[in-house]
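Coordinates from work_11.txt are shown below (compact mmCIF, C-alpha atoms).
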# COMPACT_ATOMS: atom_id res chain seq x y z
CA VAL Y 7 -12.81 30.05 5.95
CA PHE Y 8 -10.78 32.16 3.51
CA SER Y 9 -12.35 34.05 0.62
CA LEU Y 10 -10.64 33.81 -2.76
CA TYR Y 11 -12.93 36.38 -4.38
CA GLY Y 12 -11.71 39.67 -3.02
CA GLU Y 13 -8.31 41.19 -2.43
CA THR Y 14 -6.83 37.68 -2.16
CA ARG Y 15 -7.51 35.48 -5.17
CA ARG Y 16 -4.79 32.91 -4.62
CA PRO Y 17 -4.31 30.74 -1.52
CA ASN Y 18 -1.15 31.67 0.35
CA ALA Y 19 1.16 29.42 2.35
CA GLU Y 20 -0.45 30.41 5.65
CA MET Y 21 -3.88 29.31 4.41
CA LEU Y 22 -2.47 25.99 3.23
CA LYS Y 23 -0.34 25.06 6.23
CA ASP Y 24 -1.23 21.69 7.77
CA LEU Y 25 -3.38 20.75 4.78
CA ASP Y 26 -2.91 17.51 2.87
CA THR Y 27 -5.38 18.13 0.04
CA LEU Y 28 -7.25 20.97 -1.65
CA VAL Y 29 -10.63 19.98 -3.13
CA PHE Y 30 -12.31 21.97 -5.92
CA ASP Y 31 -16.07 21.31 -5.93
CA ILE Y 32 -17.66 24.23 -7.80
CA GLN Y 33 -20.06 24.38 -10.75
CA ASP Y 34 -18.59 26.15 -13.80
CA ILE Y 35 -20.79 27.33 -16.68
CA GLY Y 36 -18.53 26.95 -19.71
CA SER Y 37 -17.35 30.53 -20.36
CA ARG Y 38 -13.73 31.62 -20.13
CA PHE Y 39 -14.50 34.78 -18.17
CA TYR Y 40 -16.67 33.07 -15.54
CA THR Y 41 -13.84 33.11 -13.05
CA TYR Y 42 -14.28 29.91 -11.04
CA ILE Y 43 -11.84 28.22 -13.42
CA SER Y 44 -9.36 31.06 -12.84
CA THR Y 45 -9.64 30.50 -9.09
CA MET Y 46 -9.08 26.79 -9.72
CA GLY Y 47 -5.93 27.52 -11.71
CA LEU Y 48 -4.53 29.85 -9.06
CA ALA Y 49 -5.30 27.29 -6.35
CA MET Y 50 -3.57 24.59 -8.41
CA GLU Y 51 -0.44 26.75 -8.62
CA ALA Y 52 -0.52 27.32 -4.86
CA ALA Y 53 -1.03 23.61 -4.17
CA ALA Y 54 1.92 22.74 -6.39
CA GLU Y 55 4.15 25.21 -4.55
CA SER Y 56 3.07 23.83 -1.15
CA ASN Y 57 3.39 20.22 -2.34
CA ILE Y 58 -0.19 19.28 -1.46
CA ARG Y 59 -2.65 17.15 -3.42
CA PHE Y 60 -5.35 18.74 -5.55
CA VAL Y 61 -8.66 16.99 -6.22
CA VAL Y 62 -11.35 18.18 -8.64
CA LEU Y 63 -14.85 16.83 -8.08
CA ASP Y 64 -15.94 17.24 -11.66
CA ARG Y 65 -19.35 18.43 -12.85
CA PRO Y 66 -21.01 18.73 -16.26
CA ASN Y 67 -20.47 21.69 -18.54
CA PRO Y 68 -24.08 22.92 -18.46
CA ILE Y 69 -24.00 24.37 -22.00
CA ASN Y 70 -22.49 21.12 -23.42
CA GLY Y 71 -18.95 19.94 -23.95
CA THR Y 72 -18.91 19.81 -27.73
CA THR Y 73 -19.46 23.40 -28.87
CA VAL Y 74 -16.34 25.58 -28.89
CA ALA Y 75 -16.48 29.19 -30.09
CA GLY Y 76 -14.84 32.58 -30.07
CA PRO Y 77 -11.31 33.90 -30.13
CA VAL Y 78 -8.56 32.32 -28.04
CA ALA Y 79 -7.23 34.72 -25.40
CA ASP Y 80 -4.04 36.60 -26.28
CA GLU Y 81 -1.04 35.37 -24.33
CA ALA Y 82 0.01 38.93 -23.48
CA ARG Y 83 -3.41 39.82 -22.03
CA LEU Y 84 -4.04 36.92 -19.65
CA SER Y 85 -5.67 37.97 -16.37
CA PHE Y 86 -8.17 36.80 -13.75
CA VAL Y 87 -10.94 36.89 -16.39
CA ALA Y 88 -8.73 35.01 -18.88
CA TRP Y 89 -6.35 32.84 -16.90
CA HIS Y 90 -5.32 30.51 -19.73
CA ARG Y 91 -5.20 30.53 -23.53
CA ILE Y 92 -8.66 29.14 -24.19
CA PRO Y 93 -11.55 30.48 -26.31
CA VAL Y 94 -14.61 32.30 -24.98
CA ARG Y 95 -16.69 29.10 -25.04
CA HIS Y 96 -14.27 26.28 -24.25
CA GLY Y 97 -16.50 23.19 -24.27
CA MET Y 98 -14.64 21.56 -21.36
CA THR Y 99 -15.38 20.62 -17.77
CA ALA Y 100 -13.46 21.94 -14.78
CA GLY Y 101 -11.72 18.58 -14.45
CA GLU Y 102 -10.65 18.58 -18.07
CA LEU Y 103 -9.39 22.15 -17.75
CA ALA Y 104 -7.44 21.19 -14.63
CA ARG Y 105 -5.66 18.47 -16.63
CA MET Y 106 -4.87 21.05 -19.34
CA PHE Y 107 -3.64 23.63 -16.82
CA ARG Y 108 -1.32 21.14 -15.12
CA SER Y 109 0.20 20.05 -18.42
CA GLU Y 110 0.44 23.36 -20.28
CA ARG Y 111 1.61 25.30 -17.22
CA ALA Y 112 4.05 22.53 -16.27
CA LEU Y 113 2.77 22.30 -12.68
CA ASP Y 114 4.44 19.70 -10.49
CA LEU Y 115 1.10 18.78 -8.95
CA ASP Y 116 -0.51 15.62 -7.60
CA LEU Y 117 -3.84 16.08 -9.40
CA GLU Y 118 -6.82 13.75 -9.23
CA VAL Y 119 -10.04 14.35 -11.15
CA ILE Y 120 -13.11 12.49 -9.88
CA ALA Y 121 -15.16 12.21 -13.06
CA ALA Y 122 -18.89 12.83 -13.20
CA GLU Y 123 -20.92 9.70 -13.86
CA ASN Y 124 -23.16 9.22 -16.92
CA TRP Y 125 -22.53 12.64 -18.48
CA ARG Y 126 -21.95 12.77 -22.22
CA ARG Y 127 -20.33 15.71 -23.97
CA ALA Y 128 -23.39 16.64 -26.02
CA ASP Y 129 -25.62 16.92 -22.94
CA TYR Y 130 -26.92 20.24 -21.70
CA PHE Y 131 -27.69 20.55 -18.00
CA ASP Y 132 -31.37 19.73 -18.46
CA ALA Y 133 -30.40 16.23 -19.64
CA THR Y 134 -28.71 15.40 -16.32
CA GLY Y 135 -31.71 15.26 -13.98
CA LEU Y 136 -29.70 17.36 -11.52
CA LEU Y 137 -31.22 20.25 -9.60
CA TRP Y 138 -30.20 23.70 -10.84
CA VAL Y 139 -28.54 25.55 -7.98
CA ASN Y 140 -27.46 29.09 -8.86
CA PRO Y 141 -23.64 28.93 -9.13
CA SER Y 142 -23.63 32.69 -8.55
CA PRO Y 143 -26.40 35.19 -7.72
CA ASN Y 144 -26.94 36.36 -11.30
CA MET Y 145 -26.74 32.94 -12.97
CA ARG Y 146 -30.25 31.70 -12.34
CA SER Y 147 -31.05 29.33 -15.19
CA LEU Y 148 -29.67 27.26 -18.01
CA ALA Y 149 -31.04 29.86 -20.45
CA GLN Y 150 -28.88 32.53 -18.82
CA ALA Y 151 -25.82 30.28 -18.82
CA LEU Y 152 -26.27 29.68 -22.55
CA LEU Y 153 -26.58 33.41 -23.27
CA TYR Y 154 -23.65 34.37 -21.07
CA PRO Y 155 -20.71 33.68 -23.46
CA GLY Y 156 -22.14 36.28 -25.85
CA ILE Y 157 -24.12 38.76 -23.76
CA GLY Y 158 -21.61 38.69 -20.91
CA LEU Y 159 -18.94 39.93 -23.32
CA LEU Y 160 -20.75 43.29 -23.47
CA GLU Y 161 -21.05 44.04 -19.77
CA THR Y 162 -17.71 45.84 -19.49
CA THR Y 163 -19.15 48.51 -21.81
CA ASN Y 164 -21.77 51.14 -20.95
CA LEU Y 165 -24.68 48.71 -21.26
CA SER Y 166 -26.83 46.96 -18.71
CA VAL Y 167 -26.94 43.20 -19.24
CA GLY Y 168 -29.82 42.87 -16.80
CA ARG Y 169 -27.99 42.70 -13.48
CA GLY Y 170 -30.43 44.21 -10.99
CA THR Y 171 -33.42 42.70 -12.84
CA ASP Y 172 -35.16 39.34 -12.58
CA THR Y 173 -33.60 38.21 -15.86
CA PRO Y 174 -29.84 38.90 -15.98
CA PHE Y 175 -28.27 38.23 -19.40
CA GLU Y 176 -31.73 37.80 -20.96
CA VAL Y 177 -32.10 41.58 -21.42
CA LEU Y 178 -29.67 44.22 -22.60
CA GLY Y 179 -30.05 47.98 -22.86
CA ALA Y 180 -29.10 51.50 -21.87
CA PRO Y 181 -30.86 54.84 -21.33
CA TRP Y 182 -29.61 55.99 -24.76
CA LEU Y 183 -30.71 52.88 -26.69
CA ASP Y 184 -33.88 52.70 -28.84
CA GLY Y 185 -35.10 49.17 -28.18
CA ARG Y 186 -37.68 49.10 -30.98
CA ASP Y 187 -35.21 50.11 -33.67
CA PHE Y 188 -32.46 47.88 -32.26
CA ALA Y 189 -34.67 44.78 -32.07
CA TRP Y 190 -36.03 45.38 -35.59
CA ARG Y 191 -32.55 45.69 -37.07
CA LEU Y 192 -31.25 42.63 -35.23
CA ASN Y 193 -34.22 40.49 -36.29
CA ARG Y 194 -33.58 41.48 -39.90
CA LEU Y 195 -30.17 39.79 -39.63
CA GLY Y 196 -31.88 36.42 -39.19
CA LEU Y 197 -29.38 35.17 -36.60
CA PRO Y 198 -29.83 31.42 -36.08
CA GLY Y 199 -31.93 30.27 -33.14
CA VAL Y 200 -32.61 33.65 -31.55
CA VAL Y 201 -35.12 36.50 -31.77
CA PHE Y 202 -35.17 39.92 -30.14
CA VAL Y 203 -38.13 41.69 -28.50
CA PRO Y 204 -38.00 45.40 -27.63
CA VAL Y 205 -38.36 46.11 -23.91
CA ASP Y 206 -37.94 48.89 -21.38
CA PHE Y 207 -36.50 47.93 -17.99
CA THR Y 208 -35.19 49.65 -14.88
CA PRO Y 209 -32.43 47.83 -12.97
CA ASP Y 210 -32.70 48.16 -9.20
CA ALA Y 211 -28.98 47.51 -8.72
CA SER Y 212 -25.70 47.46 -10.65
CA LYS Y 213 -25.27 49.52 -13.83
CA PHE Y 214 -27.96 52.17 -14.50
CA ALA Y 215 -29.68 51.37 -11.18
CA GLY Y 216 -32.94 53.31 -11.02
CA GLU Y 217 -32.65 54.49 -14.64
CA ARG Y 218 -35.09 53.49 -17.36
CA CYS Y 219 -33.27 51.61 -20.12
CA GLY Y 220 -34.43 50.98 -23.65
CA GLY Y 221 -33.35 47.60 -24.82
CA ILE Y 222 -34.04 44.08 -25.98
CA ASN Y 223 -35.16 40.77 -24.54
CA ILE Y 224 -33.05 37.99 -26.10
CA LEU Y 225 -35.09 34.83 -26.70
CA VAL Y 226 -33.38 31.59 -27.68
CA VAL Y 227 -35.95 29.75 -29.84
CA ASP Y 228 -33.72 26.96 -31.19
CA ARG Y 229 -30.90 25.93 -28.88
CA ALA Y 230 -29.37 23.59 -31.46
CA ARG Y 231 -28.81 26.49 -33.89
CA PHE Y 232 -28.14 29.32 -31.45
CA GLN Y 233 -24.56 30.64 -31.37
CA PRO Y 234 -24.07 32.87 -28.30
CA VAL Y 235 -20.59 34.21 -29.11
CA ARG Y 236 -21.52 35.02 -32.70
CA THR Y 237 -24.72 36.70 -31.44
CA GLY Y 238 -22.80 38.80 -28.94
CA LEU Y 239 -20.40 39.98 -31.62
CA GLU Y 240 -23.29 40.81 -33.99
CA LEU Y 241 -24.76 42.93 -31.19
CA ALA Y 242 -21.39 44.67 -30.79
CA LEU Y 243 -21.17 45.37 -34.52
CA MET Y 244 -24.72 46.72 -34.55
CA LEU Y 245 -23.97 48.97 -31.58
CA ARG Y 246 -20.79 50.19 -33.25
CA GLY Y 247 -22.67 50.99 -36.44
CA ARG Y 248 -25.82 52.54 -34.95
CA TYR Y 249 -24.44 54.19 -31.81
CA PRO Y 250 -20.80 55.09 -32.52
CA ASP Y 251 -20.96 58.10 -30.18
CA ASP Y 252 -23.12 56.59 -27.44
CA TRP Y 253 -21.66 53.09 -27.11
CA ASP Y 254 -18.33 53.26 -25.31
CA MET Y 255 -16.42 50.16 -26.43
CA SER Y 256 -13.10 51.16 -24.87
CA ALA Y 257 -13.34 48.34 -22.28
CA PHE Y 258 -14.86 45.77 -24.65
CA ASN Y 259 -11.57 43.88 -24.90
CA ARG Y 260 -11.44 43.23 -21.16
CA LEU Y 261 -13.46 40.00 -21.53
CA LEU Y 262 -12.86 39.46 -25.24
CA VAL Y 263 -9.07 39.40 -24.61
CA ASN Y 264 -8.20 39.33 -28.30
CA GLU Y 265 -6.77 42.48 -29.82
CA GLN Y 266 -7.34 41.44 -33.43
CA THR Y 267 -11.05 40.81 -32.80
CA PHE Y 268 -11.41 44.01 -30.80
CA GLN Y 269 -9.88 46.10 -33.56
CA ALA Y 270 -12.05 44.37 -36.18
CA VAL Y 271 -15.23 45.24 -34.27
CA ARG Y 272 -14.03 48.80 -33.82
CA ASP Y 273 -13.38 49.02 -37.56
CA GLY Y 274 -16.82 47.59 -38.38
CA MET Y 275 -15.58 44.53 -40.24
CA GLY Y 276 -18.06 41.81 -41.21
CA LEU Y 277 -18.49 38.86 -38.88
CA GLU Y 278 -17.23 36.34 -41.44
CA SER Y 279 -13.93 38.21 -41.68
CA ILE Y 280 -13.73 38.52 -37.89
CA GLU Y 281 -14.26 34.78 -37.39
CA ALA Y 282 -11.71 33.98 -40.09
CA GLY Y 283 -9.15 35.90 -38.03
CA TRP Y 284 -9.33 33.46 -35.14
CA ARG Y 285 -10.18 30.22 -37.00
CA ARG Y 286 -6.60 28.89 -37.14
CA GLU Y 287 -5.95 29.48 -33.43
CA LEU Y 288 -9.30 27.92 -32.52
CA ALA Y 289 -8.41 24.84 -34.57
CA ARG Y 290 -5.12 24.61 -32.66
CA PHE Y 291 -7.04 24.79 -29.38
CA LEU Y 292 -9.25 21.90 -30.46
CA GLN Y 293 -6.09 19.87 -31.07
CA ARG Y 294 -4.58 20.96 -27.74
CA ARG Y 295 -7.62 19.95 -25.72
CA GLU Y 296 -7.95 16.45 -27.17
CA ALA Y 297 -5.42 14.92 -24.78
CA PHE Y 298 -7.29 16.22 -21.72
CA LEU Y 299 -10.89 15.23 -22.49
CA ILE Y 300 -12.53 12.69 -20.18
CA TYR Y 301 -16.07 12.18 -21.46
CA PRO Y 302 -17.35 10.57 -24.68
Could you render the structure as structure tokens?
Amino acid sequence: VFSLYGETRRPNAEMLKDLDTLVFDIQDIGSRFYTYISTMGLAMEAAAESNIRFVVLDRPNPINGTTVAGPVADEARLSFVAWHRIPVRHGMTAGELARMFRSERALDLDLEVIAAENWRRADYFDATGLLWVNPSPNMRSLAQALLYPGIGLLETTNLSVGRGTDTPFEVLGAPWLDGRDFAWRLNRLGLPGVVFVPVDFTPDASKFAGERCGGINILVVDRARFQPVRTGLELALMLRGRYPDDWDMSAFNRLLVNEQTFQAVRDGMGLESIEAGWRRELARFLQRREAFLIYP
């Protein structure tokens, strides 16, 4: 057994010797910076170089395969948390992404995608009848997976996103944050499908372990209207406006991976203007992905 989530993220020739086929059978959650798809891409490259077959046992996108949102990653900033030029919420399955990676990266790869049966693009995970098995220790529910494209964006800054609590990605805070004021101001924005409740919490691990944090509980009350990426950016803009000295946004672009959007948040631009800045590239992505989609 070789780990691909440590110092070595890409299979090497020694690992692949005597193999005929690599099989990818891992549940993704639909966010660009959830790195299973990056591992898949790196393994595809290695398989192509070693001339071995690559098979993807496909699974549903748990937060649906129709909704696409957020800025497309900058070509110059691609990394393990942004392996390909896709938006924050890509609306694709691992198998569909594998088809895109092979084509757009010009991989000479014998790729086979075993499609999931009976899944339709508009389905969330709770429509599948499948058992939820945590794909990683801090991804414990569909609710958290749906919040992750927006709340996860903020975890490279000096905020706790609930790691070390029972509800990762459902709470957000910091020792310097006034949860009552923050929740009140956010609720006044009337963001679609979500409300905010002030809370205090103390993580027992990860960021601010053992420290009391003021913060918010993020409650999705209408999944059909809720927009996680937009919500995460509204939180960032509120933090920038209310806590310009306390909120350290210097690493915010690590998962955002879009310099224009990062600078716009830093400058306090309105969300409509920020979204307009990536709209054309997002439309191009929607055209790019069409050839690789599998499910109706």
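With all atoms listed in the file as the atoms that count, the residue of Y:Ala100, Y:Val205, Y:Met145, Y:Ala257 with the shortest distance to Y:Ile32 is Y:Ala100.
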Find the residues around Y:Val119 up to 8 Å (all atoms listed in the file counted), leave out those fewer than 4 positions away in its own chain, and share them as a PDB file with C-alpha atoms, in the coordinates of the input.
ATOM      1  CA  VAL Y  61      -8.660  16.990  -6.220  1.00  0.00           C
ATOM      2  CA  VAL Y  62     -11.350  18.180  -8.640  1.00  0.00           C
ATOM      3  CA  LEU Y  63     -14.850  16.830  -8.080  1.00  0.00           C
ATOM      4  CA  ASP Y  64     -15.940  17.240 -11.660  1.00  0.00           C
ATOM      5  CA  GLY Y 101     -11.720  18.580 -14.450  1.00  0.00           C
TER       6      GLY Y 101
END
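Distances to Y:Val263 were evaluated for Y:Arg65, Y:Lys23, Y:Arg83, Y:Arg290 using all atoms listed in the file, and the minimum falls at Y:Arg83.
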What lies within 8 Å of Y:Arg236 using all atoms listed in the file, ignoring chain neighbours under 5 positions off, as a list in words?
Gly76, Gly156 and Leu277 of chain Y
If you measure from atom CA of Y:Pro204 to atom CA of Y:Arg218, what distance in Å do you get, rounded to one decimal?
13.4 Å
Atom CA of Y:Leu241 to atom CA of Y:Leu152: how many Å, to one decimal?
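Distance reported for this atom pair: 15.9 Å.
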Spatial neighbours of Y:Asp254, 9 Å, all atoms listed in the file, chain gap at least 5 places, as a list in words
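The residues that qualify are Thr163, Asn164, Leu165, Arg246 and Tyr249 of chain Y.
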Go through Y:Asp114, Y:Gly47, Y:Ala230, Y:Leu103 and flag the residue nearest Y:Arg59, using all atoms listed in the file for the distances.
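With all atoms listed in the file as the atom set, the closest residue is Y:Asp114.
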Taken to one decimal, the atom CA of Y:Tyr154-atom CA of Y:Arg194 distance is 22.4 Å
May I have the protein, DNA and RNA residues with any atom at most 8 Å from the point (-10.6, 40.3, -33.5), counting all atoms listed in the file, written as a ChimeraX atom specification?
/Y:77,264-271,280-281,283-284
May I ask which of the residues Y:Ala88, Y:Ala52, Y:Ala121, Y:Val167 is the closest one to Y:Asn223, counting all atoms listed in the file?
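Of Y:Ala88, Y:Ala52, Y:Ala121, Y:Val167, the one nearest Y:Asn223, counting all atoms listed in the file, is Y:Val167.
Using all atoms listed in the file, the residues found no farther than 12 Å from stretch 198-201 of chain Y, other than those of its own chain fewer than 6 positions away, are Y:Ala149, Y:Leu152, Y:Leu153, Y:Glu176, Y:Val177, Y:Phe188, Y:Ala189, Y:Trp190, Y:Arg191, Y:Leu192, Y:Ile222, Y:Asn223, Y:Ile224, Y:Leu225, Y:Val226, Y:Val227, Y:Asp228, Y:Arg229, Y:Ala230, Y:Arg231, Y:Phe232, Y:Gln233, Y:Pro234, Y:Val235, Y:Arg236, Y:Thr237, Y:Gly238, Y:Glu240.
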Would you kindly return, as JSON, numbers by chain, each protein, DNA or RNA residue with an atom no farther than 9 Å from any atom of Y:Leu159, considering only C-alpha atoms and excluding same-chain residues fewer than 5 positions away?
{"Y": [39, 94, 154, 235, 238, 239, 258, 259, 260, 261, 262]}
Let me make sure I understand: among Y:Val87, Y:Ala242, Y:Leu160, Y:Ala133, which one has the smallest atom-to-atom distance to Y:Ser44 if we use all atoms listed in the file?
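Of Y:Val87, Y:Ala242, Y:Leu160, Y:Ala133, the one nearest Y:Ser44 is Y:Val87, counting all atoms listed in the file.
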So, counting only C-alpha atoms, which residue among Y:Ser56, Y:Ser37, Y:Thr45, Y:Thr14 is closest to Y:Pro68?
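Closest to Y:Pro68, using only C-alpha atoms: Y:Ser37.
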